[in-house]
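coords_9.txt (compact mmCIF, C-alpha atoms)
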# COMPACT_ATOMS: atom_id res chain seq x y z
CA MET A 1 49.02 35.07 86.68
CA ARG A 2 50.98 38.05 87.97
CA HIS A 3 51.44 41.69 87.10
CA PHE A 4 54.45 42.26 84.82
CA GLY A 5 54.51 38.51 84.20
CA GLN A 6 55.09 39.25 80.51
CA ILE A 7 58.51 40.68 81.36
CA ALA A 8 61.54 38.38 81.47
CA PRO A 9 62.48 37.20 84.99
CA GLU A 10 65.93 38.79 84.84
CA VAL A 11 64.39 42.15 83.94
CA ARG A 12 61.85 41.89 86.77
CA LYS A 13 64.68 41.19 89.17
CA ARG A 14 66.39 44.40 88.10
CA LEU A 15 63.20 46.46 88.33
CA PHE A 16 61.73 45.20 91.59
CA HIS A 17 62.83 45.24 95.20
CA GLN A 18 59.83 42.94 95.82
CA GLU A 19 58.31 41.27 92.77
CA PRO A 20 54.53 41.11 92.26
CA CYS A 21 52.96 37.97 93.70
CA THR A 22 51.30 35.27 91.66
CA PHE A 23 47.56 34.71 92.00
CA THR A 24 44.74 32.77 90.41
CA ALA A 25 41.01 33.21 89.93
CA GLY A 26 40.64 31.18 93.12
CA SER A 27 42.71 33.54 95.27
CA PRO A 28 41.08 35.37 98.22
CA ALA A 29 38.70 38.16 97.23
CA ARG A 30 40.70 40.80 99.11
CA LEU A 31 43.75 40.02 96.99
CA LEU A 32 41.82 39.85 93.72
CA SER A 33 40.06 43.18 94.30
CA ALA A 34 43.43 44.87 94.67
CA ALA A 35 44.93 42.97 91.74
CA LEU A 36 42.31 43.88 89.11
CA GLY A 37 44.55 46.65 87.78
CA ALA A 38 43.62 47.94 84.34
CA THR A 39 40.39 46.10 83.53
CA LEU A 40 40.18 45.97 79.74
CA TYR A 41 36.71 46.05 78.18
CA SER A 42 35.99 44.25 74.92
CA PRO A 43 32.71 43.97 72.98
CA ALA A 44 31.43 40.41 73.18
CA THR A 45 30.72 40.53 69.45
CA ARG A 46 34.38 40.46 68.42
CA PRO A 47 34.71 37.58 65.92
CA ARG A 48 38.01 36.33 67.38
CA LEU A 49 37.20 37.00 71.01
CA ASP A 50 39.02 33.91 72.25
CA GLU A 51 42.24 34.87 70.47
CA ASP A 52 41.89 38.47 71.69
CA ILE A 53 41.69 37.23 75.29
CA LEU A 54 44.85 35.14 74.94
CA LYS A 55 46.71 37.95 73.17
CA GLN A 56 45.90 40.49 75.87
CA ALA A 57 46.80 38.07 78.65
CA ALA A 58 50.21 37.58 77.03
CA ARG A 59 50.65 41.36 77.03
CA GLY A 60 50.06 41.70 80.76
CA VAL A 61 46.29 42.14 81.07
CA VAL A 62 45.03 40.37 84.21
CA SER A 63 41.33 41.31 84.09
CA MET A 64 38.90 41.72 81.20
CA VAL A 65 35.21 42.49 80.79
CA LEU A 66 33.37 40.95 77.85
CA CYS A 67 30.63 43.47 77.25
CA LEU A 68 27.03 42.80 76.21
CA GLU A 69 25.80 46.24 77.24
CA ASP A 70 26.66 49.74 76.03
CA SER A 71 29.57 48.72 73.78
CA ILE A 72 27.28 46.88 71.36
CA ASP A 73 24.08 47.78 69.52
CA ASP A 74 20.80 46.68 71.07
CA ALA A 75 20.09 44.53 68.03
CA ASP A 76 23.41 42.70 68.41
CA VAL A 77 22.81 41.30 71.89
CA PRO A 78 21.72 37.80 70.71
CA VAL A 79 24.69 37.63 68.36
CA GLY A 80 27.00 38.79 71.16
CA GLU A 81 25.68 36.16 73.55
CA GLU A 82 26.09 33.41 70.98
CA ASN A 83 29.60 34.54 70.11
CA LEU A 84 30.63 34.78 73.78
CA VAL A 85 29.35 31.29 74.56
CA ARG A 86 31.02 29.79 71.49
CA ARG A 87 34.39 31.49 72.02
CA LEU A 88 34.59 30.68 75.73
CA ASN A 89 33.76 27.06 74.98
CA ASP A 90 36.57 27.05 72.42
CA LEU A 91 38.92 28.47 75.05
CA GLU A 92 37.82 25.94 77.65
CA LYS A 93 38.87 23.09 75.37
CA ARG A 94 42.42 24.43 75.06
CA SER A 95 44.71 22.94 77.67
CA ASP A 96 47.27 25.71 77.09
CA ALA A 97 44.81 28.58 77.59
CA ASP A 98 46.18 31.10 80.10
CA VAL A 99 43.29 33.50 80.62
CA PRO A 100 42.96 36.61 82.80
CA LEU A 101 40.13 37.18 85.25
CA LEU A 102 37.08 37.27 82.96
CA PHE A 103 33.81 39.07 83.68
CA VAL A 104 30.69 39.48 81.52
CA ARG A 105 28.83 42.77 81.51
CA VAL A 106 25.15 41.95 81.16
CA ARG A 107 22.05 44.08 80.62
CA ALA A 108 19.39 42.21 82.59
CA PRO A 109 19.40 39.80 85.58
CA GLU A 110 17.95 36.94 83.56
CA GLN A 111 21.00 36.92 81.31
CA ILE A 112 23.15 35.62 84.17
CA PRO A 113 21.53 32.18 84.66
CA ASP A 114 20.91 31.87 80.92
CA LEU A 115 24.56 32.47 80.02
CA VAL A 116 25.80 30.22 82.82
CA ARG A 117 23.55 27.42 81.57
CA ARG A 118 24.67 27.87 77.97
CA LEU A 119 28.35 28.03 78.90
CA GLY A 120 28.27 24.65 80.61
CA PRO A 121 31.80 23.57 81.64
CA ALA A 122 33.23 26.82 80.21
CA VAL A 123 31.71 28.74 83.14
CA ARG A 124 34.91 27.84 85.00
CA LEU A 125 36.66 30.51 82.93
CA LEU A 126 34.41 33.24 84.37
CA SER A 127 35.22 35.16 87.52
CA GLY A 128 31.87 36.93 87.55
CA PHE A 129 29.56 39.54 86.09
CA VAL A 130 29.53 43.32 85.77
CA LEU A 131 26.16 44.79 86.78
CA PRO A 132 25.21 48.02 84.99
CA LYS A 133 23.43 51.12 86.31
CA PHE A 134 23.43 49.72 89.81
CA THR A 135 21.04 50.98 92.49
CA GLU A 136 19.45 49.13 95.39
CA THR A 137 16.19 48.49 93.56
CA ARG A 138 17.79 47.62 90.24
CA GLY A 139 20.79 45.81 91.69
CA ILE A 140 19.21 43.30 94.07
CA PRO A 141 17.72 41.15 91.24
CA PHE A 142 21.17 40.99 89.61
CA LEU A 143 22.81 39.92 92.88
CA GLU A 144 20.10 37.32 93.52
CA ALA A 145 20.57 35.91 90.00
CA LEU A 146 24.34 35.74 90.47
CA SER A 147 24.00 33.97 93.83
CA ALA A 148 21.58 31.45 92.32
CA ALA A 149 23.92 30.79 89.40
CA GLU A 150 26.80 30.23 91.77
CA ALA A 151 24.77 27.81 93.87
CA ALA A 152 23.66 25.91 90.76
CA THR A 153 27.17 25.48 89.38
CA GLY A 154 29.28 25.34 92.53
CA HIS A 155 31.60 27.81 90.82
CA ARG A 156 32.51 31.04 92.62
CA LEU A 157 31.18 34.11 90.82
CA PHE A 158 31.81 37.71 91.80
CA ALA A 159 29.78 40.83 91.08
CA MET A 160 31.20 44.18 90.02
CA PRO A 161 28.37 46.74 90.17
CA VAL A 162 28.75 49.84 88.02
CA LEU A 163 27.72 53.10 89.71
CA GLU A 164 26.37 55.22 86.87
CA SER A 165 22.70 55.95 87.59
CA PRO A 166 21.45 59.57 87.26
CA ASP A 167 19.98 59.21 90.77
CA LEU A 168 23.55 58.94 91.99
CA LEU A 169 24.51 62.09 90.13
CA TYR A 170 21.63 64.35 91.09
CA ARG A 171 22.23 66.13 94.36
CA GLU A 172 18.68 65.72 95.70
CA THR A 173 18.79 61.91 95.41
CA ARG A 174 22.49 61.16 95.83
CA VAL A 175 22.72 60.35 99.53
CA GLN A 176 19.58 58.23 99.50
CA THR A 177 20.85 56.34 96.44
CA LEU A 178 24.26 55.75 98.03
CA GLU A 179 22.64 54.50 101.22
CA GLY A 180 20.57 52.04 99.17
CA ILE A 181 23.61 50.88 97.21
CA PHE A 182 25.45 50.26 100.46
CA ARG A 183 22.59 48.17 101.84
CA ALA A 184 22.55 46.04 98.68
CA VAL A 185 26.28 45.41 98.42
CA ASP A 186 26.68 44.96 102.17
CA LYS A 187 24.05 42.21 102.11
CA TYR A 188 26.03 40.43 99.39
CA ARG A 189 29.45 41.53 100.62
CA ASP A 190 31.12 38.17 99.98
CA ARG A 191 30.04 38.32 96.32
CA VAL A 192 31.01 41.94 95.56
CA LEU A 193 34.60 42.13 94.34
CA ALA A 194 34.73 45.85 93.50
CA LEU A 195 32.55 48.82 92.62
CA ARG A 196 33.13 50.52 89.29
CA LEU A 197 32.42 54.15 88.37
CA GLY A 198 30.54 54.96 85.15
CA VAL A 199 31.80 58.49 84.61
CA THR A 200 30.80 58.59 80.93
CA ASP A 201 27.18 58.13 81.94
CA PHE A 202 27.56 60.83 84.60
CA CYS A 203 28.77 63.28 81.97
CA SER A 204 26.01 62.34 79.54
CA SER A 205 23.34 63.43 82.02
CA TYR A 206 24.58 66.99 81.56
CA GLY A 207 25.70 66.80 77.94
CA LEU A 208 29.37 66.93 78.99
CA ARG A 209 32.47 65.24 77.67
CA ARG A 210 35.91 65.87 79.11
CA GLY A 211 38.74 66.52 76.66
CA PRO A 212 42.06 64.66 76.50
CA ASP A 213 43.75 67.38 78.55
CA MET A 214 41.23 67.12 81.40
CA THR A 215 40.74 64.46 84.04
CA ALA A 216 37.48 63.37 85.63
CA TYR A 217 38.50 65.46 88.63
CA ASP A 218 38.48 68.64 86.53
CA VAL A 219 34.76 68.16 85.84
CA GLN A 220 33.37 69.36 89.14
CA ILE A 221 30.00 67.63 88.95
CA VAL A 222 31.80 64.33 88.38
CA ALA A 223 34.45 64.98 91.01
CA SER A 224 31.73 65.59 93.59
CA VAL A 225 30.15 62.20 92.87
CA ILE A 226 33.50 60.41 93.13
CA ALA A 227 34.13 62.10 96.48
CA ASP A 228 30.76 61.02 97.84
CA VAL A 229 31.13 57.45 96.56
CA VAL A 230 34.49 57.14 98.31
CA ASN A 231 33.08 58.83 101.41
CA MET A 232 30.20 56.38 101.81
CA LEU A 233 31.40 53.19 100.09
CA ALA A 234 35.20 53.03 100.34
CA ARG A 235 35.95 53.71 103.99
CA ALA A 236 39.02 52.13 105.54
CA ASP A 237 37.19 51.03 108.70
CA GLY A 238 36.31 47.57 107.41
CA THR A 239 32.95 48.57 105.94
CA GLY A 240 34.29 49.82 102.61
CA PHE A 241 34.76 48.26 99.19
CA THR A 242 37.38 48.61 96.49
CA VAL A 243 36.26 51.35 94.08
CA THR A 244 37.97 51.43 90.69
CA GLY A 245 38.92 54.47 88.63
CA PRO A 246 36.82 55.75 85.71
CA VAL A 247 37.46 55.02 82.06
CA TRP A 248 39.89 57.13 80.03
CA GLU A 249 38.23 57.65 76.65
CA TYR A 250 41.20 58.63 74.49
CA PHE A 251 43.76 56.34 72.93
CA ARG A 252 45.82 58.50 70.63
CA VAL A 253 48.89 57.15 72.42
CA GLN A 254 50.05 53.97 70.74
CA GLU A 255 52.90 51.70 71.80
CA ARG A 256 54.60 52.19 68.45
CA MET A 257 55.11 55.88 69.29
CA PHE A 258 57.47 54.95 72.12
CA LYS A 259 59.19 51.71 71.20
CA PRO A 260 61.84 53.13 68.83
CA GLN A 261 62.98 55.77 71.33
CA LEU A 262 62.94 53.35 74.24
CA ARG A 263 64.90 50.67 72.40
CA GLN A 264 67.63 53.04 71.26
CA SER A 265 68.87 53.66 74.79
CA PRO A 266 67.10 51.51 77.38
CA PHE A 267 67.74 52.38 81.02
CA LEU A 268 70.40 54.98 80.31
CA GLU A 269 71.05 57.66 82.90
CA GLY A 270 70.98 61.42 82.60
CA GLN A 271 69.63 63.24 79.58
CA ALA A 272 68.39 60.15 77.71
CA VAL A 273 66.13 59.13 80.58
CA GLU A 274 64.97 62.71 81.07
CA LEU A 275 64.14 63.02 77.35
CA ARG A 276 62.21 59.74 77.33
CA SER A 277 60.39 60.78 80.47
CA LYS A 278 59.31 64.09 78.94
CA LEU A 279 58.21 62.38 75.72
CA ILE A 280 56.05 59.82 77.52
CA GLU A 281 54.59 62.22 80.06
CA HIS A 282 53.69 64.82 77.42
CA ALA A 283 51.90 62.30 75.20
CA MET A 284 50.11 60.60 78.09
CA ASP A 285 49.68 63.62 80.32
CA GLY A 286 45.91 63.43 80.81
CA LEU A 287 45.85 59.69 81.44
CA LEU A 288 48.82 59.80 83.81
CA ARG A 289 47.37 62.66 85.82
CA GLU A 290 44.04 60.90 86.13
CA ILE A 291 45.65 57.64 87.29
CA SER A 292 47.60 59.57 89.95
CA LEU A 293 44.46 61.41 91.04
CA ASP A 294 42.53 58.12 91.19
CA ARG A 295 44.94 56.78 93.77
CA ALA A 296 45.11 60.06 95.68
CA ASN A 297 41.31 59.97 95.96
CA GLY A 298 41.09 56.39 97.23
CA LEU A 299 40.47 54.48 93.98
CA LEU A 300 42.38 51.40 92.90
CA GLY A 301 42.48 49.95 89.39
CA LYS A 302 40.88 51.49 86.32
CA THR A 303 38.39 50.75 83.57
CA CYS A 304 40.20 50.69 80.21
CA ILE A 305 38.89 50.59 76.66
CA HIS A 306 42.21 50.36 74.84
CA PRO A 307 45.25 48.09 75.38
CA SER A 308 47.63 51.09 75.34
CA HIS A 309 46.17 52.19 78.69
CA VAL A 310 47.00 48.98 80.53
CA LEU A 311 50.73 49.35 81.08
CA PRO A 312 50.58 52.97 82.34
CA VAL A 313 47.93 51.95 84.90
CA HIS A 314 50.06 49.05 86.10
CA ALA A 315 53.32 51.00 86.09
CA LEU A 316 51.81 53.75 88.23
CA SER A 317 50.34 51.15 90.59
CA VAL A 318 53.75 49.78 91.55
CA VAL A 319 54.72 50.84 95.07
CA SER A 320 57.85 52.97 95.24
CA HIS A 321 60.68 51.90 97.49
CA GLU A 322 60.07 55.01 99.60
CA GLU A 323 56.35 54.23 100.07
CA PHE A 324 57.21 50.65 100.99
CA SER A 325 59.79 51.78 103.53
CA ASP A 326 57.33 54.16 105.17
CA ALA A 327 54.54 51.56 105.27
CA GLN A 328 56.80 48.95 106.83
CA ASP A 329 58.02 51.38 109.48
CA ILE A 330 54.49 52.40 110.41
CA LEU A 331 53.31 48.80 110.78
CA ARG A 332 56.21 47.49 112.85
CA PRO A 333 54.85 45.61 115.92
CA GLU A 334 56.74 47.87 118.30
CA ARG A 335 54.87 50.85 116.83
CA CYS A 336 51.38 49.52 117.67
CA GLY A 337 51.02 52.04 120.50
CA GLY A 338 51.33 54.97 118.13
CA GLY A 339 53.79 57.83 118.03
CA VAL A 340 55.58 59.86 115.41
CA LEU A 341 58.78 58.96 113.57
CA ARG A 342 60.91 60.44 110.86
CA SER A 343 60.85 58.47 107.62
CA ALA A 344 63.90 56.46 106.59
CA TYR A 345 64.17 58.84 103.64
CA THR A 346 64.34 61.72 106.18
CA ASN A 347 61.88 63.84 104.19
CA LYS A 348 58.57 63.41 106.01
CA MET A 349 56.78 62.63 109.25
CA ASN A 350 55.15 59.23 109.67
CA GLU A 351 52.45 59.33 112.35
CA VAL A 352 51.68 55.74 113.24
CA LYS A 353 47.97 55.76 114.08
CA PRO A 354 46.67 58.18 111.39
CA HIS A 355 48.83 56.57 108.69
CA ARG A 356 48.11 52.93 109.61
CA ALA A 357 45.23 52.41 107.16
CA TRP A 358 47.32 53.96 104.37
CA ALA A 359 50.22 51.66 105.24
CA GLU A 360 48.01 48.55 105.20
CA ARG A 361 46.61 49.46 101.79
CA THR A 362 50.10 50.23 100.50
CA LEU A 363 51.44 46.83 101.54
CA LEU A 364 48.47 45.11 99.85
CA ARG A 365 49.23 47.05 96.67
CA ALA A 366 52.89 46.11 97.07
CA GLU A 367 51.93 42.45 97.24
CA VAL A 368 50.07 42.46 93.94
CA PHE A 369 51.97 45.13 91.94
CA GLY A 370 55.40 44.82 93.52
CA VAL A 371 57.86 47.30 94.97
CA ALA A 372 60.26 49.11 92.67
CA ASN A 373 63.97 49.20 93.38
CA GLU A 374 65.26 52.49 94.76
CA ASP A 375 66.49 53.78 91.40
CA ILE A 376 63.47 52.59 89.38
CA GLY A 377 60.57 54.87 88.47
CA PHE A 378 57.57 54.95 86.18
CA VAL A 379 59.61 55.51 83.01
CA GLU A 380 61.75 52.42 83.55
CA LEU A 381 58.70 50.27 84.31
CA LEU A 382 56.91 51.52 81.24
CA ALA A 383 59.99 51.10 79.05
CA ALA A 384 60.45 47.49 80.18
CA GLY A 385 56.84 46.67 79.32
CA LEU A 386 56.97 48.36 75.93
CA SER A 387 60.29 46.80 75.05
CA ASP A 388 59.20 43.27 75.93

Written form, structure tokens:
Amino acid sequence: MRHFGQIAPEVRKRLFHQEPCTFTAGSPARLLSAALGATLYSPATRPRLDEDILKQAARGVVSMVLCLEDSIDDADVPVGEENLVRRLNDLEKRSDADVPLLFVRVRAPEQIPDLVRRLGPAVRLLSGFVLPKFTETRGIPFLEALSAAEAATGHRLFAMPVLESPDLLYRETRVQTLEGIFRAVDKYRDRVLALRLGVTDFCSSYGLRRGPDMTAYDVQIVASVIADVVNMLARADGTGFTVTGPVWEYFRVQERMFKPQLRQSPFLEGQAVELRSKLIEHAMDGLLREISLDRANGLLGKTCIHPSHVLPVHALSVVSHEEFSDAQDILRPERCGGGVLRSAYTNKMNEVKPHRAWAERTLLRAEVFGVANEDIGFVELLAAGLSD
């Protein structure tokens, strides 16, 4: 699989200075954690779950979570488990099945070995499990169950803990909770692919819900948690983990709103591009701002509940030619001693030692999401995906 793999090769060549790499579920964890992109959640109860998975993969989704937790009613858990096992077994029998990275969001540790046993050979389709309301005390049994399931099957399984506990939100328990979470995930570091933020649960603790014109960073109580999570769990000194962006709850923006305008004048210069840009940015303003703020605050990837969110997340994850140029300059072997240099674009200072960690992360993002050509921006990337 690859990001923008749904786009024709000749179009990718026009869009990208460096095309996104290909990867598989067996690729190194460091690469996969950066490549998660827009992780699309789907209730495990969907009657055509197997067909949904294939359809979304064909549209450019590279990671999905099949949810047995908050997205379904408590009474529907047995039905959801049965449906998930049946549909994945159906998929496993199809030789032409091209599936994204698949994770199951469970409610209790004992579900992990039970589902793995019931899946049988179809467990090979799973990349791991999403662990809800993760704290040290609650999370260790999940991680132990996952490790045991991996040992029993010989199939690599990753964990993606969700940070959404009230203890993480409340100021008087936050640092202690974060320290415990770090101890748990550090102990199982090889099994933890990424940490996910449960911002909806954070808001619910205070009876809050952000509107479509507000980002998670506009809700100060939530922004403070994100800052502390990044501070303690996403450091660039080798101890940190990939932390993904919070869910965007609104999906009033549909692909059909944009396709007619984009197809009338694809990749035109001047006023047509400016008009398309304004149309897209106005309709997606909240989502686009939040994606940009995610990256500015050290998050990579995003939880998504609607397919229309996937392409904007991926388009804004592509490394610009300017970013790529700066990162390459900073990491040149002859610069290892440090120093300051003017960027090739002559519009900023690149200080080698302070900017090194940023440059390394940028080149990893460039590997999985690609580098845009000099004249290609978000609008062109989005238009190509919508017009495919």

If I take atom CA of Ala35 of chain A and atom CA of Leu163 of chain A, how far is one from the other in Å, to one decimal?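 For atom CA of Ala35 of chain A relative to atom CA of Leu163 of chain A, the distance reads 20.1 Å.
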
Which polymer residues have any atom within 7 Å of an atom of Phe103 of chain A, counting all atoms listed in the file, with same-chain residues fewer than 3 positions away left out, as a ChimeraX atom specification? /A:64-66,126-130

If we count all atoms listed in the file, what is near Leu364 of chain A at a cut-off of 12 Å, once residues fewer than 3 positions away on the same chain are taken out, given as a list in words?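 Returned residues: Pro20, Cys21, Arg30, Leu31, Leu32, Ser33, Ala34, Ala35, Leu300, Ser317, Val318, Val319, Phe324, Ala327, Gln328, Ala357, Trp358, Ala359, Glu360, Arg361, Glu367, Val368, Phe369, Gly370 and Val371 of chain A.
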
Contact residues around Asp167 of chain A with only C-alpha atoms at 10 Å, ignoring same-chain residues under 5 positions, as a count of residues only: 10

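Each of A:Pro246, A:Gly207, A:Gly198, A:Pro100 was checked against Leu54 of chain A using only C-alpha atoms; the smallest atom-to-atom distance is that of A:Pro100.
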
Segment 329-334 of chain A surroundings by all atoms listed in the file, 10 Å radius, close-in-sequence under 4 positions cut, as an mmCIF file with C-alpha atoms, in the coordinates of the input:
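As written to disk, result-v1.cif reads:
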data_model
loop_
_atom_site.group_PDB
_atom_site.id
_atom_site.type_symbol
_atom_site.label_atom_id
_atom_site.label_comp_id
_atom_site.auth_asym_id
_atom_site.auth_seq_id
_atom_site.Cartn_x
_atom_site.Cartn_y
_atom_site.Cartn_z
ATOM 1 C CA GLU A 323 56.350 54.230 100.070
ATOM 2 C CA PHE A 324 57.210 50.650 100.990
ATOM 3 C CA SER A 325 59.790 51.780 103.530
ATOM 4 C CA GLY A 338 51.330 54.970 118.130
ATOM 5 C CA GLY A 339 53.790 57.830 118.030
ATOM 6 C CA VAL A 340 55.580 59.860 115.410
ATOM 7 C CA LEU A 341 58.780 58.960 113.570
ATOM 8 C CA ARG A 342 60.910 60.440 110.860
ATOM 9 C CA SER A 343 60.850 58.470 107.620
ATOM 10 C CA ALA A 344 63.900 56.460 106.590
ATOM 11 C CA ASN A 350 55.150 59.230 109.670
ATOM 12 C CA GLU A 351 52.450 59.330 112.350
ATOM 13 C CA VAL A 352 51.680 55.740 113.240
ATOM 14 C CA LYS A 353 47.970 55.760 114.080
ATOM 15 C CA PRO A 354 46.670 58.180 111.390
ATOM 16 C CA HIS A 355 48.830 56.570 108.690
ATOM 17 C CA ARG A 356 48.110 52.930 109.610
ATOM 18 C CA ALA A 357 45.230 52.410 107.160
ATOM 19 C CA TRP A 358 47.320 53.960 104.370
ATOM 20 C CA ALA A 359 50.220 51.660 105.240
ATOM 21 C CA GLU A 360 48.010 48.550 105.200
ATOM 22 C CA LEU A 363 51.440 46.830 101.540
#

So the first atom is atom CA of Gln56 of chain A and the second is atom CA of Ala38 of chain A; what is the distance between them in Å, to one decimal place?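 Taking atom CA of Gln56 of chain A and atom CA of Ala38 of chain A, their separation equals 11.5 Å.
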
Between A:Gly245, A:Gly385, A:Gly377, A:Gly337, which one has atoms that come closest to Gly301 of chain A, using only C-alpha atoms? A:Gly245

When you draw a straight line from atom CA of Pro307 of chain A to atom CA of Leu40 of chain A, how long is it in Å? 7.0 Å

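Distance annotation: of A:Ala234, A:Val219, A:Val379, A:Ile305, the residue with the minimal separation from Met284 of chain A is A:Val379; atom set is only C-alpha atoms.
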
From the options A:Glu136, A:Glu290, A:Asp186, A:Glu150, which residue's atoms come nearest to Val162 of chain A, counting all atoms listed in the file?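 That would be A:Glu136, the residue with the smallest distance to Val162 of chain A.
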
For Arg365 of chain A, the nearest of the candidates A:Glu144, A:Asp76, A:Glu164, A:Glu19, counting only C-alpha atoms: A:Glu19

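Here the question is which of A:Ala372, A:Leu115, A:Leu293, A:Ala8 gets nearest to Thr215 of chain A using only C-alpha atoms, and that residue is A:Leu293.
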
I want to know what sits within 7 Å of Met160 of chain A, based on all atoms listed in the file, with residues of the same chain fewer than 3 positions away left out; could you give that as JSON, numbers by chain? {"A": [129, 130, 131, 192, 193, 194, 195, 196]}

How close does segment 123-202 of chain A get to segment 78-94 of chain A? List, as a Markdown table, each residue of segment 123-202 of chain A within 10 Å, its nearest atom pair and the distance in Å to one decimal, counting only C-alpha atoms.
| residue | atom | partner | partner_atom | distance |
| --- | --- | --- | --- | --- |
| A:Val123 | CA | A:Leu88 | CA | 8.2 |
| A:Arg124 | CA | A:Glu92 | CA | 8.1 |
| A:Leu125 | CA | A:Glu92 | CA | 7.1 |
| A:Leu126 | CA | A:Leu88 | CA | 9.0 |

Enclosing box along x, y and z for every listed atom of segment 157-170 of chain A, padded 3 Å each side, centre and size in Å, one decimal, as JSON:
{"center_x": 25.9, "center_y": 49.2, "center_z": 89.4, "size_x": 17.8, "size_y": 36.2, "size_z": 11.1}
